[in-house]
Amino acid sequence: MSASERFLANSMETVMGSAVVNFVNTTLNWVMFALDAPSARAVVFGVHIGGHLFIEVFLLVVILFLLSQKSYKPPKRPLTNKEIDELCDEWVPEPLIPSLNKELHYEPPVLESAAGPHTVIKGKEVINFASANYLGFIGHPKLLDSCSSSLAKYGVGSCGPRGFYGTIDVHLDCEARIAKFLGTPDSILYSYGLSTMFSAIPAFSKKGDIIVADEGVHWGIQNGLHLSRSTVVYFKHNDMDSLRETLENITVKYKRTKNLRRYIVVEAVYQNSGQIVPLDEIVKLKEKYRFRVLLDESNSLGVLGSSGRGLTEHCGVPVEKIDIVTAAMGHALATEGGFCTGSARVIDHQRLSSSGYVFSASLPPYLASAAIAAIDILEENPTLITKLKNNISLLRKELSKISGITIASNPESPIVYLRLEKSTGSVKDDLRLLENIAERVLKEESVFVVVSKRSTLDKCRLPVGIRLFVSAGHSESDVLKASESLKRVTASVLGG
Amino acid sequence: MIAIPYLTALTTYFSYGLLFAFGQFRDFFRKIFDWCSSNNLQGYAPICLGLEDFYIRRLYLRIQDCFGRPIASAPDAWFDVVERFSNDSNKTLTRTDKLSRCLNLGSYNYLGFAAADEYCTPRVVETLKKYSPSTCSSRVDGGTTELHNELEECVASFVRKPAAIVFGMGYVTNSAILPVLMGKGSLIISDSLNHNSIVNGARGSGATIRVFQHNVPSHLEEVLREQIAEGQPRTHRPWKKIMVIVEGIYSMEGELCELPEIIAICKKYKVYTYLDEAHSIGAVGKTGRGVCELLGVDTADVDIMMGTFTKSFGSCGGYIAGSKELVHYLKHACPAHLYATSISPPAAQQIISSIRVILGEDGSNRGAQKLAQIRENSNFFRSELQKMGFEVLGDNDSPVMPIMLYNPAKIPAFSRECLKQNVAVVTVAFPATPLLLARARICISASHSREDLIKALQVISRVGDLVGIKYFPAEPAKQQDTSKKFD
């Protein structure tokens, strides 16, 4: 059955095939005939007019016809007012803030006296390791004197930005004093420490420029990098090999680009880890690859170097080699605001291009005179720095005996940064454990220490830890008491 | 909107064209000299490329002396301006020891708290002795003192909101709060003339930004409808949240915000409102509570109220006031609260004390007097200027009044001539204003006496005639009146 069927199908195919061949042949014949027709062989003005001419004319007509037609467009139907009304009614915005969960319960301790080396919390005197009062200037009589005479003369606020009568003579004096202290040609005052970096970076680095930054920089710098719209490349925290590699890659990649501004952004003492950047290495790399350096000296000014001039003095690098130096004055100088210092060109450029300087009211004059006074005191008493250094090494020596936590900061850093030896695996649990330690140390031992906190906006991913801000105002017994208490509480929290 | 006369526009463009041409001409020669001398950049790209600093070098430096004049006293009604001179045609200015006593029409000292005050100053000095000038720590570490909590409560009740959070700088308040609240997928609709700190905060947030015409509620509605209907660009997903940002008083225009209309629109479309009261808080309203009080808007309808302490309170810093939950969230998420040094205690005390004076809690009626005084002073000064034929921007009751100058040459002329006659005024030009719309800005204070204001009007009138900025005809009948008064 099936064989006969197959035969039938085959014969059908042959019949069909021959029919097709026949049809093609007749068509071809007809076409050949048409092309070979006598009219098609005419010669007009010496040009042979072949049969293909007819086809060409035909195609031309078709093309012209198609071109004359309107192209296809989907009909436009804009939303009617009623539809927009409906859409607006339907739209449900998210709440302004996410719902508050229980983790956000932290209430910072409230101080009842000045935040000096000893302060009062809940009526009890405690030893304060939470204020970056490195030189113990809080409550210094000379500082207070200069402030109160400034308050009497100038009032509290300056009531205007620097451009519009907000420049008070003490601002200019303070700028000159800072420049003289650091040995730079000029400096510029900002009215808040946090705004210094995030205004200075966008003033120098624009779209298309390149910034190589440490991944551990604090939020003020991160924000500045973001606002500058430059190409930002991060290198591993305080890792010079990683930096070298990054610089090498960038140099190769942008070999042909002319007039590209390149910057390296680092902190002298990292707020997020207590590490100190090896500045001599940075300067070597900078000179090799032709990058400019922005250095944030917030936590090193008044601390590092034999006379407190910061990391440049500490590493023996001439300050001219660092193109832009910024610092917040809310640490060792025990006042507020910030400054940027460098060559006259660098400073003058900021006076019209730095948004936090141009568009903000200037620093209250009494804080500028406090800064002048603080620098004067520092220059007169270099022993303060030795005292601070002794306190740091004593604290580190004592803390190193504690099991369960390690000291992550550099031996010279005034921020002593304690991390858990064994992380629980999640940042939240680590944080809870550390907060528990800090809370108990404060409650049971009257020693005020704090855990580093991270904003949800902060891109820094370094591990959290307990931060101790050492001060020259701490006595030896203060330091010993702090380490003893930490030892006891840590043992009880981590052990039990 | 400012309607600039045709001829004035033409001459202004011509002046800038001339300045630009001369600048280019000089740059050409500079390039030749630079090329001849050896290249000292050693492979670094220049700090400023191409035309980036052209405006500063060739336009701003010529009239540098009109800006950033140092003063040597508190910025009160009268202050000491330090005289400066230049030996290199204004490239650098040198301070001298000479002072000139000038009438201050430039500082934001709206209520006169800039100078020593019988109630505030003793308390500030006391606080300084107790707390020192700084805490050297952020608010979440060791930077919260009793004073900071008191300040937050005081501010919240003053602006009539459940809670408030304060920062040490006004600029940072805007630029650090917006990134916390808004992010990718959300939309910020901003007035076209909003302050740079708002612009920076909005940029930092990563949200999409749309702009509506300055102070035109109908255009805001148009933009809102379009954006809600369209959704996010390309994906067309609905916006996560939308925030409208306006200012109470626009500092370069002197205009009051059309707040009632804008709030009504925002409510209708369920979008959040952010009101920046940098210049209005303390300065306007019956009890100094800002534009909401002046224009009769319930503060409950404004989601986020922001303001600064630099102006009316004569201190420094800024605040955000809102619901308890909002402030609680900000205290855990806002980088300016977590990382920045807390506001200086004496400055905090100045704010608390000045608010007490404004509310009459110091046991006197000085606060009410100050508020009445600034309102009277502002309205008097504005109407007199208008009568003289100046083109004055802004609304009644606003203590900020810009006088239009237009031509670039009139900027230094007006400023220098006024200073010669011991009146210190602020002149504002590009980039703070559009290129064509250069202006002088007067800020009135409650500490100005009537005599001060009359002297200022006389001087400004004389200089106005000299410089040729009375763009409108003077009012004839009243003109006689005032000229009599001045004689």
# chains A, B, ... in the order shown; residues from 1 in each chain; ligands from 1
$ closest_atom_pairs --of "chain B" --to "chain A" --cutoff "6 Å" --atoms "only C-alpha atoms" --output "tab-separated table"
residue	atom	partner	partner_atom	distance
B:Tyr44	CA	A:Arg290	CA	5.8
B:Ala45	CA	A:Asn259	CA	4.7
B:Phe67	CA	A:Gly163	CA	5.1
B:Gly68	CA	A:Gly163	CA	3.9
B:Arg69	CA	A:Tyr165	CA	5.7
B:Pro70	CA	A:Thr167	CA	4.7
B:Ile71	CA	A:Ile168	CA	4.8
B:Ala72	CA	A:Asp169	CA	5.5
B:Ser73	CA	A:Tyr154	CA	5.3
B:Ala74	CA	A:Tyr154	CA	3.9
B:Ser107	CA	A:Gly160	CA	5.4
B:Tyr108	CA	A:Cys159	CA	5.1
B:Asn109	CA	A:Cys159	CA	5.7
B:Ala114	CA	A:Gly155	CA	5.6
B:Ala115	CA	A:Gly155	CA	4.9
B:Ala116	CA	A:Gly155	CA	5.4
B:Tyr131	CA	A:Ala114	CA	4.0
B:Ser132	CA	A:Gly139	CA	5.3
B:Pro133	CA	A:Thr335	CA	5.9
B:Ser134	CA	A:Thr335	CA	5.1
B:Thr135	CA	A:Ala115	CA	5.3
B:Cys136	CA	A:Gly330	CA	5.0
B:Ser137	CA	A:Ser131	CA	4.8
B:Val140	CA	A:Pro108	CA	5.3
B:Gly142	CA	A:Ala130	CA	5.2
B:Thr144	CA	A:Val110	CA	5.4
B:Thr145	CA	A:Leu111	CA	4.3
B:Glu146	CA	A:Glu112	CA	5.8
B:Tyr171	CA	A:Ser360	CA	5.9
B:Ala229	CA	A:Ile84	CA	5.8
B:Lys240	CA	A:Glu94	CA	5.5
B:Lys241	CA	A:Pro93	CA	4.9
B:Thr310	CA	A:Cys159	CA	5.6
B:Lys311	CA	A:Cys159	CA	5.5
B:Gly314	CA	A:Gly157	CA	4.8
B:Ser315	CA	A:Gly157	CA	4.0
B:Cys316	CA	A:Gly157	CA	5.8
B:Ala333	CA	A:Ser455	CA	4.9
B:Pro335	CA	A:Ser455	CA	5.6
B:Ala340	CA	A:Leu194	CA	5.7
$ residues_around --residues "Ser205 of chain B" --least-positions-apart "2" --cutoff "6 Å" --atoms "only C-alpha atoms" --output "ChimeraX atom specification"
/B:179,182-183,202-203,207
$ write_last_selection --atoms "N, CA and C atoms" --output "PDB file, in the first residue's frame"
ATOM      1  N   PRO B 179      19.899  64.679  48.771  1.00  0.00           N
ATOM      2  CA  PRO B 179      20.290  63.317  48.397  1.00  0.00           C
ATOM      3  C   PRO B 179      19.719  62.235  49.321  1.00  0.00           C
ATOM      4  N   MET B 182      15.689  62.159  48.079  1.00  0.00           N
ATOM      5  CA  MET B 182      15.373  61.853  46.690  1.00  0.00           C
ATOM      6  C   MET B 182      16.501  61.022  46.102  1.00  0.00           C
ATOM      7  N   GLY B 183      16.148  60.233  45.100  1.00  0.00           N
ATOM      8  CA  GLY B 183      17.180  59.407  44.481  1.00  0.00           C
ATOM      9  C   GLY B 183      16.765  59.038  43.082  1.00  0.00           C
ATOM     10  N   ALA B 202      20.223  68.892  44.491  1.00  0.00           N
ATOM     11  CA  ALA B 202      19.415  68.125  43.544  1.00  0.00           C
ATOM     12  C   ALA B 202      20.311  67.307  42.627  1.00  0.00           C
ATOM     13  N   ARG B 203      21.409  67.916  42.185  1.00  0.00           N
ATOM     14  CA  ARG B 203      22.346  67.179  41.327  1.00  0.00           C
ATOM     15  C   ARG B 203      22.964  66.016  42.073  1.00  0.00           C
ATOM     16  N   ALA B 207      18.433  62.335  41.312  1.00  0.00           N
ATOM     17  CA  ALA B 207      17.062  62.356  40.817  1.00  0.00           C
ATOM     18  C   ALA B 207      17.011  63.145  39.508  1.00  0.00           C
TER      19      ALA B 207
END
$ closest_residue --among "B:Tyr339, B:Leu256, B:Asn379, B:Pro473" --to "Asp141 of chain B" --atoms "only C-alpha atoms"
B:Tyr339
$ residues_around --residues "Thr184 of chain A" --least-positions-apart "4" --cutoff "9 Å" --atoms "only C-alpha atoms" --output "PDB file with N, CA, C and O atoms, in the first residue's frame"
ATOM      1  N   ILE A 178      47.094  80.995  58.403  1.00  0.00           N
ATOM      2  CA  ILE A 178      47.160  79.581  58.006  1.00  0.00           C
ATOM      3  C   ILE A 178      48.251  79.398  56.956  1.00  0.00           C
ATOM      4  O   ILE A 178      49.066  78.475  57.039  1.00  0.00           O
ATOM      5  N   ALA A 179      48.264  80.309  55.961  1.00  0.00           N
ATOM      6  CA  ALA A 179      49.269  80.194  54.901  1.00  0.00           C
ATOM      7  C   ALA A 179      50.670  80.315  55.482  1.00  0.00           C
ATOM      8  O   ALA A 179      51.573  79.571  55.123  1.00  0.00           O
ATOM      9  N   LYS A 180      50.833  81.234  56.439  1.00  0.00           N
ATOM     10  CA  LYS A 180      52.153  81.422  57.037  1.00  0.00           C
ATOM     11  C   LYS A 180      52.559  80.176  57.829  1.00  0.00           C
ATOM     12  O   LYS A 180      53.700  79.718  57.744  1.00  0.00           O
ATOM     13  N   VAL A 319      55.829  71.278  51.018  1.00  0.00           N
ATOM     14  CA  VAL A 319      54.382  71.464  50.856  1.00  0.00           C
ATOM     15  C   VAL A 319      54.032  71.913  49.430  1.00  0.00           C
ATOM     16  O   VAL A 319      52.934  71.678  48.951  1.00  0.00           O
ATOM     17  N   GLU A 320      55.004  72.484  48.692  1.00  0.00           N
ATOM     18  CA  GLU A 320      54.711  72.920  47.314  1.00  0.00           C
ATOM     19  C   GLU A 320      54.419  71.736  46.399  1.00  0.00           C
ATOM     20  O   GLU A 320      53.796  71.898  45.355  1.00  0.00           O
ATOM     21  N   THR A 341      44.435  75.362  50.998  1.00  0.00           N
ATOM     22  CA  THR A 341      45.644  76.150  50.827  1.00  0.00           C
ATOM     23  C   THR A 341      46.458  75.606  49.667  1.00  0.00           C
ATOM     24  O   THR A 341      46.333  74.445  49.305  1.00  0.00           O
ATOM     25  N   GLY A 342      47.248  76.468  49.063  1.00  0.00           N
ATOM     26  CA  GLY A 342      48.030  76.062  47.893  1.00  0.00           C
ATOM     27  C   GLY A 342      48.602  77.291  47.222  1.00  0.00           C
ATOM     28  O   GLY A 342      48.733  78.344  47.848  1.00  0.00           O
ATOM     29  N   SER A 343      48.896  77.170  45.939  1.00  0.00           N
ATOM     30  CA  SER A 343      49.485  78.301  45.222  1.00  0.00           C
ATOM     31  C   SER A 343      48.442  79.398  45.045  1.00  0.00           C
ATOM     32  O   SER A 343      47.247  79.169  45.170  1.00  0.00           O
ATOM     33  N   ALA A 344      48.907  80.609  44.747  1.00  0.00           N
ATOM     34  CA  ALA A 344      47.993  81.739  44.589  1.00  0.00           C
ATOM     35  C   ALA A 344      46.976  81.473  43.486  1.00  0.00           C
ATOM     36  O   ALA A 344      45.807  81.839  43.598  1.00  0.00           O
TER      37      ALA A 344
END
$ atom_distance --atom1 "atom CA of Gly185 of chain B" --atom2 "atom CA of Phe167 of chain B"
27.3 Å
$ closest_residue --among "B:Val357, B:Leu147, B:Val211, B:Ile249" --to "Glu277 of chain B" --atoms "only C-alpha atoms"
B:Ile249
